[in-house]
$ cat structure25.txt   # compact mmCIF, C-alpha atoms
# COMPACT_ATOMS: atom_id res chain seq x y z
CA MET A 1 -46.60 6.68 17.28
CA LYS A 2 -43.18 8.16 16.39
CA LEU A 3 -41.98 4.70 15.39
CA LEU A 4 -44.92 4.30 13.02
CA ILE A 5 -44.23 7.70 11.43
CA PHE A 6 -40.55 6.85 11.00
CA ALA A 7 -41.45 3.52 9.38
CA ALA A 8 -43.86 5.27 7.02
CA VAL A 9 -41.18 7.75 5.99
CA LEU A 10 -38.73 4.92 5.27
CA LEU A 11 -41.31 3.20 3.11
CA GLN A 12 -41.71 6.37 1.05
CA LEU A 13 -37.96 6.82 0.40
CA PRO A 14 -36.92 5.88 -3.14
CA ALA A 15 -34.84 2.74 -3.42
CA ILE A 16 -31.14 3.28 -4.08
CA PRO A 17 -30.50 2.00 -7.61
CA THR A 18 -28.01 -0.82 -8.02
CA PHE A 19 -26.55 -2.39 -11.13
CA LYS A 20 -24.76 -5.45 -12.43
CA ILE A 21 -21.12 -5.69 -13.53
CA SER A 22 -20.41 -8.70 -15.70
CA GLY A 23 -17.56 -9.76 -17.93
CA HIS A 24 -14.97 -12.39 -18.70
CA VAL A 25 -11.33 -13.27 -18.09
CA THR A 26 -9.04 -13.91 -21.07
CA THR A 27 -5.97 -16.14 -20.72
CA PHE A 28 -3.48 -17.76 -23.08
CA PRO A 29 -4.74 -21.11 -24.42
CA GLY A 30 -4.07 -23.87 -21.93
CA PHE A 31 -3.31 -21.47 -19.07
CA PRO A 32 -5.40 -21.71 -15.88
CA LEU A 33 -8.04 -19.12 -15.04
CA PRO A 34 -7.81 -17.25 -11.75
CA GLN A 35 -10.29 -18.49 -9.17
CA ASN A 36 -11.17 -14.97 -8.04
CA LEU A 37 -10.89 -11.32 -9.02
CA THR A 38 -10.75 -8.39 -6.60
CA LEU A 39 -13.38 -5.65 -6.72
CA ARG A 40 -12.19 -2.43 -5.12
CA THR A 41 -14.79 0.18 -4.18
CA TYR A 42 -13.66 3.77 -3.63
CA GLY A 43 -15.23 6.00 -0.96
CA GLN A 44 -18.43 4.02 -0.47
CA GLY A 45 -19.93 2.01 2.34
CA SER A 46 -18.10 1.93 5.68
CA GLY A 47 -14.80 3.47 4.60
CA PRO A 48 -12.62 4.96 1.89
CA MET A 49 -11.81 1.57 0.39
CA ASN A 50 -13.59 -1.76 0.40
CA LEU A 51 -12.33 -4.98 -1.19
CA LYS A 52 -14.52 -7.85 -2.33
CA SER A 53 -13.52 -11.21 -3.79
CA VAL A 54 -15.37 -12.02 -7.02
CA PRO A 55 -15.46 -15.71 -8.08
CA VAL A 56 -14.59 -16.60 -11.68
CA ARG A 57 -16.66 -19.36 -13.28
CA ALA A 58 -15.11 -22.30 -15.12
CA ASP A 59 -15.87 -20.66 -18.48
CA GLY A 60 -14.03 -17.47 -17.45
CA THR A 61 -17.10 -15.32 -16.84
CA PHE A 62 -17.90 -13.39 -13.68
CA GLU A 63 -20.81 -11.34 -12.35
CA ILE A 64 -21.21 -8.75 -9.61
CA ILE A 65 -24.75 -8.04 -8.44
CA GLY A 66 -25.98 -5.01 -6.50
CA ALA A 67 -23.26 -2.47 -7.32
CA ALA A 68 -24.19 1.10 -6.44
CA LEU A 69 -23.15 4.17 -8.39
CA GLY A 70 -19.52 5.07 -7.80
CA GLU A 71 -15.89 4.38 -8.66
CA TYR A 72 -14.48 0.86 -8.84
CA SER A 73 -11.52 -1.17 -9.99
CA ILE A 74 -11.32 -4.84 -10.89
CA SER A 75 -7.94 -6.52 -10.56
CA LEU A 76 -6.38 -9.96 -10.76
CA GLY A 77 -5.35 -9.85 -7.10
CA ASP A 78 -3.84 -7.18 -4.90
CA PRO A 79 -5.16 -3.94 -6.48
CA PHE A 80 -1.86 -2.20 -5.70
CA ARG A 81 0.41 -4.82 -7.27
CA SER A 82 -1.51 -6.66 -9.97
CA PRO A 83 -2.97 -5.41 -13.27
CA SER A 84 -6.29 -3.66 -12.74
CA ARG A 85 -8.93 -1.61 -14.51
CA ASN A 86 -10.55 1.50 -13.01
CA PHE A 87 -13.96 2.81 -14.05
CA PHE A 88 -16.97 4.78 -12.82
CA LEU A 89 -20.38 3.11 -12.66
CA ARG A 90 -22.94 5.75 -13.55
CA ASP A 91 -26.47 4.72 -14.48
CA ALA A 92 -26.43 1.38 -16.25
CA ASP A 93 -25.14 -2.17 -16.03
CA VAL A 94 -21.50 -2.67 -17.03
CA THR A 95 -21.30 -5.56 -19.50
CA ASP A 96 -18.59 -7.39 -21.44
CA PHE A 97 -15.91 -6.23 -18.99
CA GLU A 98 -12.66 -7.95 -19.93
CA ILE A 99 -9.70 -8.75 -17.72
CA LYS A 100 -6.62 -10.25 -19.40
CA VAL A 101 -4.16 -12.48 -17.54
CA PRO A 102 -0.54 -11.69 -18.50
CA THR A 103 2.47 -13.98 -18.72
CA PRO A 104 6.17 -13.02 -18.77
CA VAL A 105 8.31 -12.56 -21.86
CA ALA A 106 12.09 -12.09 -21.73
CA GLY A 107 13.70 -9.06 -23.30
CA ARG A 108 16.95 -7.21 -23.56
CA ILE A 109 18.20 -3.77 -24.51
CA VAL A 110 21.28 -3.70 -26.70
CA SER A 111 23.38 -0.85 -28.02
CA ALA A 112 23.85 -0.52 -31.76
CA ASP A 113 27.49 0.49 -31.22
CA GLY A 114 28.25 -2.26 -28.70
CA GLN A 115 28.89 0.16 -25.85
CA ALA A 116 27.56 -0.18 -22.33
CA ILE A 117 23.95 0.91 -21.81
CA ALA A 118 23.00 3.21 -18.96
CA GLY A 119 19.93 2.47 -16.86
CA GLY A 120 16.71 4.42 -16.77
CA PHE A 121 14.61 2.69 -19.43
CA VAL A 122 11.00 1.77 -18.60
CA VAL A 123 9.47 -0.72 -21.03
CA SER A 124 5.69 -1.18 -21.23
CA ALA A 125 3.16 -3.53 -22.80
CA THR A 126 -0.35 -2.15 -23.37
CA THR A 127 -3.29 -4.22 -24.64
CA PRO A 128 -6.88 -3.32 -25.60
CA VAL A 129 -9.72 -4.76 -23.51
CA THR A 130 -13.48 -4.56 -23.89
CA ALA A 131 -16.07 -2.93 -21.65
CA THR A 132 -19.59 -1.68 -22.34
CA ASN A 133 -21.24 1.18 -20.44
CA VAL A 134 -18.17 2.38 -18.56
CA ASN A 135 -17.54 6.10 -18.30
CA ARG A 136 -15.81 7.73 -21.24
CA ALA A 137 -12.67 8.56 -19.23
CA ALA A 138 -12.14 4.93 -18.21
CA ARG A 139 -9.24 3.35 -20.06
CA LYS A 140 -10.09 0.44 -22.31
CA THR A 141 -6.58 -0.90 -21.96
CA MET A 142 -4.47 -2.87 -19.50
CA ALA A 143 -0.74 -2.28 -19.09
CA ASN A 144 2.39 -3.61 -17.44
CA ARG A 145 5.76 -1.90 -17.01
CA THR A 146 9.27 -3.00 -16.10
CA SER A 147 12.84 -1.71 -15.95
CA PRO A 148 15.92 -3.58 -17.25
CA ASP A 149 18.74 -4.63 -14.96
CA ALA A 150 22.28 -3.27 -15.23
CA ALA A 151 23.01 -5.64 -18.14
CA GLY A 152 19.93 -4.51 -20.09
CA ASN A 153 17.88 -7.66 -19.47
CA PHE A 154 14.23 -7.43 -18.48
CA ILE A 155 11.11 -9.51 -17.92
CA LEU A 156 7.88 -7.92 -19.15
CA ALA A 157 4.39 -9.31 -18.49
CA VAL A 158 2.47 -9.40 -21.78
CA PHE A 159 -1.17 -10.16 -22.52
CA PRO A 160 -3.12 -12.47 -24.84
CA GLY A 161 -3.86 -10.72 -28.12
CA ASP A 162 -2.24 -7.46 -29.20
CA ASN A 163 0.46 -5.76 -27.14
CA ILE A 164 1.84 -2.33 -27.95
CA ILE A 165 5.44 -2.33 -26.75
CA GLY A 166 6.39 1.18 -25.70
CA PHE A 167 8.71 3.16 -23.50
CA ASP A 168 7.48 5.29 -20.64
CA GLN A 169 11.02 6.52 -20.17
CA VAL A 170 14.12 6.67 -22.38
CA PRO A 171 17.28 8.12 -20.81
CA ASP A 172 18.74 11.32 -22.21
CA GLY A 173 21.29 10.61 -24.90
CA TYR A 174 19.52 7.53 -26.28
CA THR A 175 16.91 6.85 -28.94
CA VAL A 176 15.15 3.57 -29.70
CA ALA A 177 16.25 2.37 -33.14
CA SER A 178 14.24 -0.87 -33.33
CA VAL A 179 12.08 -3.26 -31.33
CA THR A 180 11.79 -6.83 -32.61
CA TYR A 181 10.34 -10.18 -31.56
CA ASP A 182 11.02 -13.31 -33.62
CA GLY A 183 11.66 -11.16 -36.69
CA MET A 184 8.57 -8.97 -36.20
CA ASP A 185 8.92 -5.17 -36.20
CA LEU A 186 7.24 -4.03 -32.99
CA GLN A 187 7.80 -0.34 -33.62
CA HIS A 188 5.19 -0.34 -36.36
CA SER A 189 2.92 -3.22 -35.40
CA PRO A 190 1.74 -4.81 -32.15
CA LEU A 191 3.15 -7.94 -30.61
CA ARG A 192 0.26 -10.32 -31.35
CA LEU A 193 0.28 -13.37 -29.12
CA ASN A 194 -2.17 -16.23 -29.55
CA ALA A 195 0.01 -18.54 -27.48
CA ALA A 196 2.52 -18.14 -24.69
CA PRO A 197 5.68 -16.22 -25.68
CA ALA A 198 8.41 -18.37 -27.24
CA SER A 199 10.97 -15.75 -28.22
CA THR A 200 12.64 -12.60 -26.88
CA VAL A 201 11.89 -8.91 -27.28
CA VAL A 202 15.05 -7.17 -28.47
CA VAL A 203 15.30 -3.39 -28.13
CA THR A 204 18.16 -1.78 -30.03
CA VAL A 205 19.14 1.76 -29.02
CA THR A 206 21.55 4.28 -30.41
CA ARG A 207 23.33 7.14 -28.75
CA THR A 208 22.27 10.63 -29.76
CA LYS A 209 25.17 12.35 -28.01
$ encode --input "structure25.txt" --output "structure tokens"
Amino acid sequence: MKLLIFAAVLLQLPAIPTFKISGHVTTFPGFPLPQNLTLRTYGQGSGPMNLKSVPVRADGTFEIIGAALGEYSISLGDPFRSPSRNFFLRDADVTDFEIKVPTPVAGRIVSADGQAIAGGFVVSATTPVTATNVNRAARKTMANRTSPDAAGNFILAVFPGDNIIGFDQVPDGYTVASVTYDGMDLQHSPLRLNAAPASTVVVTVTRTK
């Protein structure tokens, strides 16, 4: 009798709503698509973090069925080491979710006066990406960061489309005078890449003291 009552109660419980997350992967023309993405779920299910491999179709699209409300990230691989996007799934399907695959571009930091350059710079590339029905606080960008070596050389992973080249850190005593790529002024316009990089990002700095 108790078993029948328990079964009846379960039948009366409302179903937990689930949703669909779908989107596409953008790469440079001619570059291979990743075979899988990584979906990271925060604080749901059996533990504080769950990882799930998400297959990418030949046309670059992907789809995740049965996602419950909660916080997620989608990354190109290891969520701690590869570019990722965090968002909160609230009460609707997430559509047109874009993941961009970066590729490296060479760069260097040079001094306008020819003197040695101290370390401490952090150079970043930030690109816009699409997503419908994500929470308002979720960033609609992807970013990569790097630090130059002792000679001022660096390798920065940049994305298809527009890249805002910025600096998360500039050492005291320096200011960035110019940022160029193949003659383009990257201080006032984005680095727009429709093909793999074929030039070098040059950052010229001046001493302020």
$ residues_around --input "structure25.txt" --residues "range 102-109 of chain A" --least-positions-apart "6" --cutoff "6 Å" --atoms "all atoms listed in the file" --output "list in words"
Gly152, Asn153, Phe154, Ile155, Leu156, Ala157, Val158, Phe159, Pro197, Thr200, Val201, Val202, Val203 and Thr204 of chain A
$ residues_near_point --input "structure25.txt" --point "(-17.4, -23.1, -15.6)" --cutoff "12 Å" --atoms "all atoms listed in the file" --output "MDAnalysis selection string"
chainID A and resid 24:25 33:35 55:62
$ residues_near_point --input "structure25.txt" --point "(0.3, -3.9, -21.3)" --cutoff "8 Å" --atoms "all atoms listed in the file" --output "list in words"
Ser124, Ala125, Thr126, Thr127, Thr141, Met142, Ala143, Asn144, Arg145, Ala157, Val158, Phe159, Asn163, Ile164 and Ile165 of chain A
$ atom_distance --input "structure25.txt" --atom1 "CA of Thr208 in chain A" --atom2 "CA of Gly119 in chain A"
15.4 Å
$ closest_residue --input "structure25.txt" --among "A:Leu37, A:Phe121, A:Thr130, A:Pro79" --to "Ala150 in chain A" --atoms "all atoms listed in the file"
A:Phe121
$ atom_distance --input "structure25.txt" --atom1 "CA of Gly23 in chain A" --atom2 "CA of Glu98 in chain A"
5.6 Å
